[in-house]
file structure_7.pdb (PDB, C-alpha atoms)
ATOM      1  CA  MET A   1       4.495  45.882 -10.465
ATOM      2  CA  SER A   2       1.458  43.718 -11.104
ATOM      3  CA  GLU A   3      -0.685  42.578  -8.198
ATOM      4  CA  CYS A   4       0.337  39.225  -6.654
ATOM      5  CA  THR A   5      -2.014  36.366  -7.551
ATOM      6  CA  HIS A   6      -0.414  34.024  -4.956
ATOM      7  CA  ASN A   7       0.148  31.554  -7.777
ATOM      8  CA  CYS A   8       3.924  31.155  -7.807
ATOM      9  CA  SER A   9       3.908  29.349 -11.151
ATOM     10  CA  THR A  10       2.943  32.623 -12.860
ATOM     11  CA  CYS A  11       5.643  34.869 -11.392
ATOM     12  CA  GLY A  12       9.395  35.291 -11.632
ATOM     13  CA  SER A  13      11.998  34.000  -9.222
ATOM     14  CA  SER A  14      12.544  37.499  -7.839
ATOM     15  CA  CYS A  15       8.972  37.829  -6.574
ATOM     16  CA  SER A  16       9.019  38.718  -2.855
ATOM     17  CA  GLU A  17       5.872  36.648  -2.257
ATOM     18  CA  ARG A  18       7.437  33.456  -3.606
ATOM     19  CA  THR A  19       8.015  30.818  -0.939
ATOM     20  CA  GLU A  20       9.978  27.595  -0.975
ATOM     21  CA  PRO A  21       8.019  24.300  -0.967
ATOM     22  CA  VAL A  22       7.370  23.051   2.544
ATOM     23  CA  ASP A  23       8.551  19.534   3.403
ATOM     24  CA  LEU A  24       5.730  17.960   5.428
ATOM     25  CA  ARG A  25       7.395  14.577   5.916
ATOM     26  CA  LYS A  26       7.478  13.327   9.499
ATOM     27  CA  PRO A  27      10.455  11.591  11.099
ATOM     28  CA  ALA A  28      10.046   7.929  11.948
ATOM     29  CA  ASN A  29      10.424   6.761  15.531
ATOM     30  CA  GLN A  30      13.981   7.402  16.714
ATOM     31  CA  LEU A  31      14.513   3.658  17.176
ATOM     32  CA  SER A  32      13.513   2.926  13.578
ATOM     33  CA  LYS A  33      15.694   2.767  10.507
ATOM     34  CA  ILE A  34      13.568   2.224   7.432
ATOM     35  CA  GLY A  35      14.905   1.665   3.935
ATOM     36  CA  LYS A  36      12.458   1.823   1.035
ATOM     37  CA  VAL A  37       8.784   2.699   1.522
ATOM     38  CA  ILE A  38       6.436   1.322  -1.136
ATOM     39  CA  ALA A  39       2.709   2.121  -1.065
ATOM     40  CA  VAL A  40       0.203  -0.232  -2.678
ATOM     41  CA  VAL A  41      -2.852   1.663  -3.891
ATOM     42  CA  SER A  42      -6.033   1.192  -5.881
ATOM     43  CA  GLY A  43      -8.587   3.541  -7.302
ATOM     44  CA  LYS A  44     -11.453   1.560  -5.772
ATOM     45  CA  GLY A  45     -12.062  -1.245  -3.330
ATOM     46  CA  GLY A  46     -12.574  -4.898  -4.102
ATOM     47  CA  VAL A  47      -9.636  -5.411  -6.454
ATOM     48  CA  GLY A  48      -7.510  -7.437  -4.021
ATOM     49  CA  LYS A  49      -5.106  -4.681  -3.024
ATOM     50  CA  SER A  50      -4.491  -6.050   0.465
ATOM     51  CA  THR A  51      -3.856  -9.547  -0.902
ATOM     52  CA  VAL A  52      -1.319  -8.073  -3.303
ATOM     53  CA  THR A  53       0.332  -6.121  -0.466
ATOM     54  CA  CYS A  54       0.583  -9.132   1.831
ATOM     55  CA  SER A  55       1.804 -11.418  -0.948
ATOM     56  CA  LEU A  56       4.466  -8.869  -1.907
ATOM     57  CA  ALA A  57       5.602  -8.527   1.716
ATOM     58  CA  ALA A  58       5.796 -12.308   2.089
ATOM     59  CA  ALA A  59       7.740 -12.628  -1.160
ATOM     60  CA  MET A  60      10.233  -9.976  -0.097
ATOM     61  CA  ALA A  61      10.692 -11.595   3.323
ATOM     62  CA  ALA A  62      11.348 -14.914   1.563
ATOM     63  CA  ARG A  63      14.251 -13.169  -0.168
ATOM     64  CA  GLY A  64      15.849 -12.631   3.232
ATOM     65  CA  LYS A  65      14.870  -8.986   3.638
ATOM     66  CA  LYS A  66      13.547  -7.373   6.810
ATOM     67  CA  VAL A  67      10.002  -6.407   5.920
ATOM     68  CA  ALA A  68       7.218  -4.399   7.540
ATOM     69  CA  VAL A  69       3.614  -3.700   6.578
ATOM     70  CA  LEU A  70       1.886  -0.518   7.701
ATOM     71  CA  ASP A  71      -1.852  -1.115   7.387
ATOM     72  CA  ALA A  72      -3.147   2.344   6.462
ATOM     73  CA  ASP A  73      -6.648   1.040   5.689
ATOM     74  CA  ILE A  74      -7.897   2.124   9.109
ATOM     75  CA  THR A  75     -11.601   1.431   8.600
ATOM     76  CA  GLY A  76     -11.070  -1.877   6.796
ATOM     77  CA  PRO A  77      -7.893  -3.420   8.229
ATOM     78  CA  SER A  78      -7.188  -6.921   6.931
ATOM     79  CA  VAL A  79      -3.405  -7.348   7.008
ATOM     80  CA  PRO A  80      -3.154  -9.070  10.438
ATOM     81  CA  LYS A  81      -5.731 -11.690   9.474
ATOM     82  CA  ALA A  82      -3.906 -12.505   6.235
ATOM     83  CA  PHE A  83      -0.748 -13.221   8.239
ATOM     84  CA  GLY A  84      -2.560 -15.064  11.026
ATOM     85  CA  VAL A  85      -1.623 -12.397  13.573
ATOM     86  CA  HIS A  86      -4.153 -11.879  16.366
ATOM     87  CA  GLN A  87      -2.105 -10.749  19.362
ATOM     88  CA  LYS A  88      -2.443  -7.143  20.472
ATOM     89  CA  ALA A  89       0.305  -4.617  19.946
ATOM     90  CA  GLU A  90       2.224  -3.603  23.045
ATOM     91  CA  GLY A  91       3.965  -0.375  23.928
ATOM     92  CA  SER A  92       6.305   1.387  26.308
ATOM     93  CA  ASP A  93       7.493   4.926  26.944
ATOM     94  CA  LEU A  94       9.592   4.576  23.802
ATOM     95  CA  GLY A  95       6.674   3.819  21.500
ATOM     96  CA  ILE A  96       4.496   1.012  20.142
ATOM     97  CA  TYR A  97       5.944  -2.378  19.212
ATOM     98  CA  PRO A  98       4.600  -3.952  16.003
ATOM     99  CA  ALA A  99       3.322  -7.501  15.905
ATOM    100  CA  VAL A 100       5.471 -10.020  14.036
ATOM    101  CA  SER A 101       4.220 -12.771  11.738
ATOM    102  CA  ARG A 102       5.518 -16.345  11.690
ATOM    103  CA  GLY A 103       7.732 -15.401   8.754
ATOM    104  CA  GLY A 104       9.187 -12.372  10.511
ATOM    105  CA  VAL A 105       7.104  -9.637   8.844
ATOM    106  CA  GLU A 106       6.430  -6.709  11.184
ATOM    107  CA  ILE A 107       2.835  -5.471  11.163
ATOM    108  CA  MET A 108       0.993  -2.478  12.548
ATOM    109  CA  SER A 109      -2.747  -2.239  12.069
ATOM    110  CA  LEU A 110      -5.644  -0.774  13.971
ATOM    111  CA  ASN A 111      -6.941  -4.310  14.473
ATOM    112  CA  LEU A 112      -3.981  -4.845  16.785
ATOM    113  CA  LEU A 113      -5.142  -1.979  19.005
ATOM    114  CA  THR A 114      -8.909  -2.463  19.284
ATOM    115  CA  GLU A 115     -10.466  -4.687  21.955
ATOM    116  CA  ARG A 116     -12.084  -6.929  19.342
ATOM    117  CA  GLU A 117     -11.110  -7.414  15.709
ATOM    118  CA  THR A 118     -14.701  -6.808  14.645
ATOM    119  CA  ASP A 119     -15.022  -3.439  16.421
ATOM    120  CA  PRO A 120     -15.912  -0.763  13.846
ATOM    121  CA  VAL A 121     -13.848   2.392  13.497
ATOM    122  CA  VAL A 122     -16.312   5.291  13.467
ATOM    123  CA  TRP A 123     -13.889   8.169  13.021
ATOM    124  CA  ARG A 124     -13.836  11.238  10.845
ATOM    125  CA  GLY A 125     -11.190  11.711   8.181
ATOM    126  CA  PRO A 126      -8.678  13.841  10.122
ATOM    127  CA  VAL A 127      -8.621  11.365  13.030
ATOM    128  CA  ILE A 128      -8.069   8.451  10.642
ATOM    129  CA  ALA A 129      -5.267  10.321   8.908
ATOM    130  CA  GLY A 130      -3.723  11.101  12.288
ATOM    131  CA  ALA A 131      -3.704   7.416  13.230
ATOM    132  CA  VAL A 132      -1.830   6.552  10.034
ATOM    133  CA  GLU A 133       0.731   9.231  10.787
ATOM    134  CA  GLN A 134       1.210   7.821  14.294
ATOM    135  CA  PHE A 135       1.817   4.358  12.848
ATOM    136  CA  TRP A 136       4.839   5.942  11.186
ATOM    137  CA  THR A 137       6.085   8.203  13.993
ATOM    138  CA  ASP A 138       5.223   6.212  17.136
ATOM    139  CA  VAL A 139       5.886   2.590  16.143
ATOM    140  CA  ILE A 140       9.299   1.107  16.933
ATOM    141  CA  TRP A 141       9.942  -0.587  13.601
ATOM    142  CA  GLY A 142      13.643  -1.172  14.173
ATOM    143  CA  ASP A 143      15.769  -1.944  11.106
ATOM    144  CA  VAL A 144      13.566  -2.481   8.040
ATOM    145  CA  ASP A 145      14.706  -2.969   4.459
ATOM    146  CA  TYR A 146      11.266  -2.612   2.877
ATOM    147  CA  MET A 147       8.063  -1.167   4.292
ATOM    148  CA  PHE A 148       4.870  -1.764   2.333
ATOM    149  CA  VAL A 149       1.927   0.521   3.053
ATOM    150  CA  ASP A 150      -1.483  -1.020   2.422
ATOM    151  CA  MET A 151      -3.535   2.011   1.426
ATOM    152  CA  PRO A 152      -7.309   2.443   1.535
ATOM    153  CA  PRO A 153      -8.957   2.782  -1.876
ATOM    154  CA  GLY A 154      -9.469   6.183  -3.460
ATOM    155  CA  THR A 155      -7.718   9.532  -3.287
ATOM    156  CA  GLY A 156      -8.910  10.912   0.050
ATOM    157  CA  ASP A 157      -7.400  11.938   3.386
ATOM    158  CA  VAL A 158      -5.244   8.878   4.041
ATOM    159  CA  PRO A 159      -3.457   8.732   0.663
ATOM    160  CA  LEU A 160      -2.822  12.466   0.966
ATOM    161  CA  THR A 161      -1.402  11.989   4.471
ATOM    162  CA  VAL A 162       0.826   9.097   3.409
ATOM    163  CA  PHE A 163       2.151  10.915   0.342
ATOM    164  CA  GLN A 164       2.894  14.059   2.353
ATOM    165  CA  SER A 165       4.063  12.608   5.680
ATOM    166  CA  LEU A 166       6.015   9.489   4.706
ATOM    167  CA  PRO A 167       9.121   9.320   2.498
ATOM    168  CA  VAL A 168       7.379   7.192  -0.121
ATOM    169  CA  ASP A 169       9.833   5.880  -2.711
ATOM    170  CA  GLY A 170       7.123   4.738  -5.095
ATOM    171  CA  ILE A 171       3.665   3.242  -5.479
ATOM    172  CA  ILE A 172       2.277   0.121  -7.084
ATOM    173  CA  VAL A 173      -1.251   0.457  -8.450
ATOM    174  CA  VAL A 174      -3.586  -2.543  -8.371
ATOM    175  CA  SER A 175      -6.307  -2.852 -10.985
ATOM    176  CA  ALA A 176      -8.812  -5.380 -12.324
ATOM    177  CA  PRO A 177      -9.844  -6.150 -15.924
ATOM    178  CA  GLN A 178     -12.963  -3.974 -16.020
ATOM    179  CA  THR A 179     -12.631  -0.733 -17.992
ATOM    180  CA  LEU A 180     -14.390   1.203 -15.214
ATOM    181  CA  VAL A 181     -11.692   0.145 -12.762
ATOM    182  CA  GLY A 182      -9.053   1.316 -15.224
ATOM    183  CA  MET A 183     -10.630   4.760 -15.349
ATOM    184  CA  ILE A 184     -10.527   5.039 -11.564
ATOM    185  CA  VAL A 185      -6.967   3.712 -11.460
ATOM    186  CA  THR A 186      -5.987   6.625 -13.659
ATOM    187  CA  LYS A 187      -7.196   8.984 -10.930
ATOM    188  CA  ALA A 188      -4.870   7.317  -8.412
ATOM    189  CA  VAL A 189      -1.956   7.594 -10.833
ATOM    190  CA  ARG A 190      -2.687  11.261 -11.490
ATOM    191  CA  MET A 191      -2.806  11.949  -7.743
ATOM    192  CA  ALA A 192       0.626  10.368  -7.305
ATOM    193  CA  GLU A 193       1.973  12.502 -10.133
ATOM    194  CA  LEU A 194       0.565  15.645  -8.501
ATOM    195  CA  MET A 195       2.345  14.679  -5.274
ATOM    196  CA  ASP A 196       5.618  13.896  -7.108
ATOM    197  CA  ILE A 197       5.477  10.239  -6.050
ATOM    198  CA  PRO A 198       6.992   7.801  -8.587
ATOM    199  CA  VAL A 199       4.585   5.188  -9.949
ATOM    200  CA  LEU A 200       6.534   1.929 -10.214
ATOM    201  CA  GLY A 201       3.954   0.082 -12.275
ATOM    202  CA  LEU A 202       0.594  -1.662 -12.482
ATOM    203  CA  VAL A 203      -0.647  -5.021 -11.231
ATOM    204  CA  GLU A 204      -3.805  -6.550 -12.651
ATOM    205  CA  ASN A 205      -5.583  -8.846 -10.218
ATOM    206  CA  TYR A 206      -8.301 -11.356 -11.211
ATOM    207  CA  SER A 207      -6.803 -11.302 -14.680
ATOM    208  CA  TYR A 208      -7.878 -14.851 -15.489
ATOM    209  CA  PHE A 209      -8.887 -18.208 -14.020
ATOM    210  CA  LYS A 210      -6.730 -21.180 -14.902
ATOM    211  CA  CYS A 211      -8.690 -24.408 -15.224
ATOM    212  CA  PRO A 212      -7.126 -27.040 -12.943
ATOM    213  CA  ASP A 213      -8.129 -29.815 -15.359
ATOM    214  CA  CYS A 214      -7.116 -28.562 -18.817
ATOM    215  CA  GLY A 215      -4.867 -25.651 -17.889
ATOM    216  CA  LYS A 216      -6.740 -23.220 -20.143
ATOM    217  CA  GLU A 217      -6.968 -19.609 -18.949
ATOM    218  CA  HIS A 218     -10.444 -18.066 -18.839
ATOM    219  CA  PRO A 219     -10.933 -14.255 -18.508
ATOM    220  CA  ILE A 220     -13.918 -14.493 -16.156
ATOM    221  CA  PHE A 221     -14.119 -10.730 -15.558
ATOM    222  CA  GLY A 222     -13.547  -9.818 -19.188
ATOM    223  CA  GLU A 223     -10.507  -9.520 -21.369
ATOM    224  CA  SER A 224      -7.454  -7.960 -19.767
ATOM    225  CA  THR A 225      -7.189  -4.194 -20.146
ATOM    226  CA  ILE A 226      -3.951  -3.673 -18.240
ATOM    227  CA  ASP A 227      -1.610  -3.584 -21.247
ATOM    228  CA  ALA A 228      -3.654  -0.858 -22.911
ATOM    229  CA  LEU A 229      -3.903   1.059 -19.638
ATOM    230  CA  GLY A 230      -0.171   0.745 -19.078
ATOM    231  CA  ALA A 231       0.543   2.045 -22.584
ATOM    232  CA  GLN A 232      -1.874   4.921 -22.061
ATOM    233  CA  LEU A 233      -0.225   5.922 -18.784
ATOM    234  CA  ASP A 234       3.305   5.047 -19.947
ATOM    235  CA  LEU A 235       3.721   2.622 -17.043
ATOM    236  CA  PRO A 236       5.052  -0.942 -16.937
ATOM    237  CA  VAL A 237       2.765  -3.869 -16.189
ATOM    238  CA  LEU A 238       4.442  -5.656 -13.284
ATOM    239  CA  ALA A 239       2.162  -8.683 -13.017
ATOM    240  CA  LYS A 240      -1.110 -10.260 -14.098
ATOM    241  CA  LEU A 241      -2.482 -12.330 -11.244
ATOM    242  CA  PRO A 242      -4.990 -15.173 -11.654
ATOM    243  CA  LEU A 243      -8.225 -15.595  -9.768
ATOM    244  CA  ASP A 244      -7.116 -18.367  -7.419
ATOM    245  CA  PRO A 245      -9.472 -19.815  -4.786
ATOM    246  CA  ALA A 246      -6.471 -21.404  -3.045
ATOM    247  CA  LEU A 247      -4.876 -17.998  -2.489
ATOM    248  CA  ALA A 248      -8.152 -16.600  -1.167
ATOM    249  CA  GLU A 249      -8.374 -19.547   1.240
ATOM    250  CA  ALA A 250      -4.774 -19.021   2.383
ATOM    251  CA  VAL A 251      -5.464 -15.355   3.124
ATOM    252  CA  ASP A 252      -8.688 -16.196   4.975
ATOM    253  CA  ASN A 253      -6.811 -18.768   7.079
ATOM    254  CA  GLY A 254      -3.912 -16.440   7.897
ATOM    255  CA  GLU A 255      -1.475 -18.433   5.778
ATOM    256  CA  VAL A 256      -0.510 -15.953   3.063
ATOM    257  CA  GLU A 257       3.169 -16.579   3.807
ATOM    258  CA  GLY A 258       2.818 -20.280   3.093
ATOM    259  CA  TYR A 259       1.032 -19.963  -0.240
ATOM    260  CA  GLN A 260       3.129 -21.128  -3.187
ATOM    261  CA  PRO A 261       3.977 -20.155  -5.770
ATOM    262  CA  ASN A 262       3.808 -16.598  -4.495
ATOM    263  CA  PRO A 263       2.181 -14.535  -7.273
ATOM    264  CA  MET A 264       4.234 -11.444  -6.360
ATOM    265  CA  ALA A 265       7.638 -13.146  -6.278
ATOM    266  CA  GLY A 266       8.620 -11.611  -9.602
ATOM    267  CA  VAL A 267       7.679  -8.120  -8.487
ATOM    268  CA  ALA A 268       9.639  -8.572  -5.256
ATOM    269  CA  ALA A 269      12.689  -9.605  -7.254
ATOM    270  CA  MET A 270      12.296  -6.540  -9.475
ATOM    271  CA  LEU A 271      12.084  -4.194  -6.486
ATOM    272  CA  ASP A 272      15.045  -5.860  -4.808
ATOM    273  CA  LYS A 273      17.231  -5.285  -7.865
ATOM    274  CA  ALA A 274      16.141  -1.686  -8.437
TER
END

call {"tool": "encode", "arguments": {"input": "structure_7.pdb", "output": "structure tokens"}}
result
Amino acid sequence: MSECTHNCSTCGSSCSERTEPVDLRKPANQLSKIGKVIAVVSGKGGVGKSTVTCSLAAAMAARGKKVAVLDADITGPSVPKAFGVHQKAEGSDLGIYPAVSRGGVEIMSLNLLTERETDPVVWRGPVIAGAVEQFWTDVIWGDVDYMFVDMPPGTGDVPLTVFQSLPVDGIIVVSAPQTLVGMIVTKAVRMAELMDIPVLGLVENYSYFKCPDCGKEHPIFGESTIDALGAQLDLPVLAKLPLDPALAEAVDNGEVEGYQPNPMAGVAAMLDKA
């Protein structure tokens, strides 16, 4: 018998060293019943991932669904501000209660736990990952149809924790027109594939600016690359979102739920029919 290499992909099913895959997923709080979990990711920061997440959550809530947002971007939490939520989260012996937006979206973010919203989070990776896991296991979400997880950019500790610990049904990848961003997006897609997480499709943010006077669309950040990237990765393009100062203002003012037309309404409808 040849010496074991501890690489199970190279040996037969009768190998005594072969072990079954370990399921690392954590149970949600016992008072929570969560339907689909969709993570919104990006290869890098600055592409509007959180705006896409919040818009998608608002669009799904407008369809009459019970919606929650788990803000996994621990060091750069922005979800509460987009929804105009500033009250602190409360808890009991049963767990932590999420904050609720005006439109009924449940939210858990580190900004709801710190003394001041501007307090920095100076934690190492394992502690940050542990906080994200607790947002899943310790928060009393109740009955939720769709949970959207706003991920930090990149492929580090938190994405790994989310993909391993939460029952993620799929991810949506947010990109921007620049070719460099597309290259980094590919890394995020490849990570999801390695973790056996379905990639539902791509969203290109800042795709164009529509002139309010003539209606002409201008590709301020360069010509769109999302169709070519989608073809290369064999993934559907779910949406191309414009650069809209009014949306940015709505997010800054905590009024993402009131912004119309919601740029993610079509994606929400697609997810709801899937």

call {"tool": "atom_distance", "arguments": {"input": "structure_7.pdb", "atom1": "CA of Lys240 in chain A", "atom2": "CA of Ser175 in chain A"}}
result
9.6 Å

call {"tool": "residues_around", "arguments": {"input": "structure_7.pdb", "residues": "Asp157 in chain A", "least_positions_apart": "6", "cutoff": "8 Å", "atoms": "all atoms listed in the file", "output": "ChimeraX atom specification"}}
result
/A:125-126,129

call {"tool": "atom_distance", "arguments": {"input": "structure_7.pdb", "atom1": "CA of Val47 in chain A", "atom2": "CA of Gly84 in chain A"}}
result
21.2 Å

call {"tool": "resolve_selection", "arguments": {"input": "structure_7.pdb", "expression": "the PyMOL selection byres ((chain A and resi 107) around 7)", "output": "PyMOL selection string"}}
result
chain A and resi 68-70+98-100+105-106+108-109

call {"tool": "atom_distance", "arguments": {"input": "structure_7.pdb", "atom1": "CA of Pro27 in chain A", "atom2": "CA of Thr137 in chain A"}}
result
6.2 Å

call {"tool": "axis_aligned_box", "arguments": {"input": "structure_7.pdb", "around": "range 21-38 of chain A", "padding_each_side": "6 Å", "output": "JSON"}}
result
{"center_x": 10.7, "center_y": 12.8, "center_z": 8.0, "size_x": 22.0, "size_y": 35.0, "size_z": 30.3}

call {"tool": "closest_residue", "arguments": {"input": "structure_7.pdb", "among": "A:Leu238, A:Ile34, A:Val185, A:Val79", "to": "Ser55 in chain A", "atoms": "all atoms listed in the file"}}
result
A:Val79

call {"tool": "closest_residue", "arguments": {"input": "structure_7.pdb", "among": "A:Val173, A:Cys211, A:Ala89, A:Leu180", "to": "Val199 in chain A", "atoms": "all atoms listed in the file"}}
result
A:Val173

call {"tool": "resolve_selection", "arguments": {"input": "structure_7.pdb", "expression": "the PyMOL selection byres ((chain A and resi 255) around 12)", "output": "list in words"}}
result
Thr51, Cys54, Ser55, Ala58, Val79, Pro80, Lys81, Ala82, Phe83, Gly84, Val85, Ser101, Arg102, Gly103, Ala246, Leu247, Ala248, Glu249, Ala250, Val251, Asp252, Asn253, Gly254, Val256, Glu257, Gly258, Tyr259, Gln260 and Asn262 of chain A

call {"tool": "closest_residue", "arguments": {"input": "structure_7.pdb", "among": "A:Tyr97, A:Tyr208, A:Phe221, A:Phe148", "to": "Val168 in chain A", "atoms": "all atoms listed in the file"}}
result
A:Phe148

call {"tool": "resolve_selection", "arguments": {"input": "structure_7.pdb", "expression": "the PyMOL selection byres ((chain A and resi 120) around 10)", "output": "list of chain:residue names"}}
result
A:Ile74, A:Thr75, A:Gly76, A:Asn111, A:Thr114, A:Arg116, A:Glu117, A:Thr118, A:Asp119, A:Val121, A:Val122, A:Trp123

call {"tool": "closest_residue", "arguments": {"input": "structure_7.pdb", "among": "A:Leu233, A:Met147, A:Leu241, A:Ala28", "to": "Phe209 in chain A", "atoms": "all atoms listed in the file"}}
result
A:Leu241

call {"tool": "closest_residue", "arguments": {"input": "structure_7.pdb", "among": "A:Gly95, A:Glu133, A:Gly170, A:Ala176", "to": "Glu193 in chain A", "atoms": "all atoms listed in the file"}}
result
A:Gly170

call {"tool": "closest_residue", "arguments": {"input": "structure_7.pdb", "among": "A:Val144, A:Ala228, A:Ala192, A:Met264", "to": "Pro242 in chain A", "atoms": "only C-alpha atoms"}}
result
A:Met264
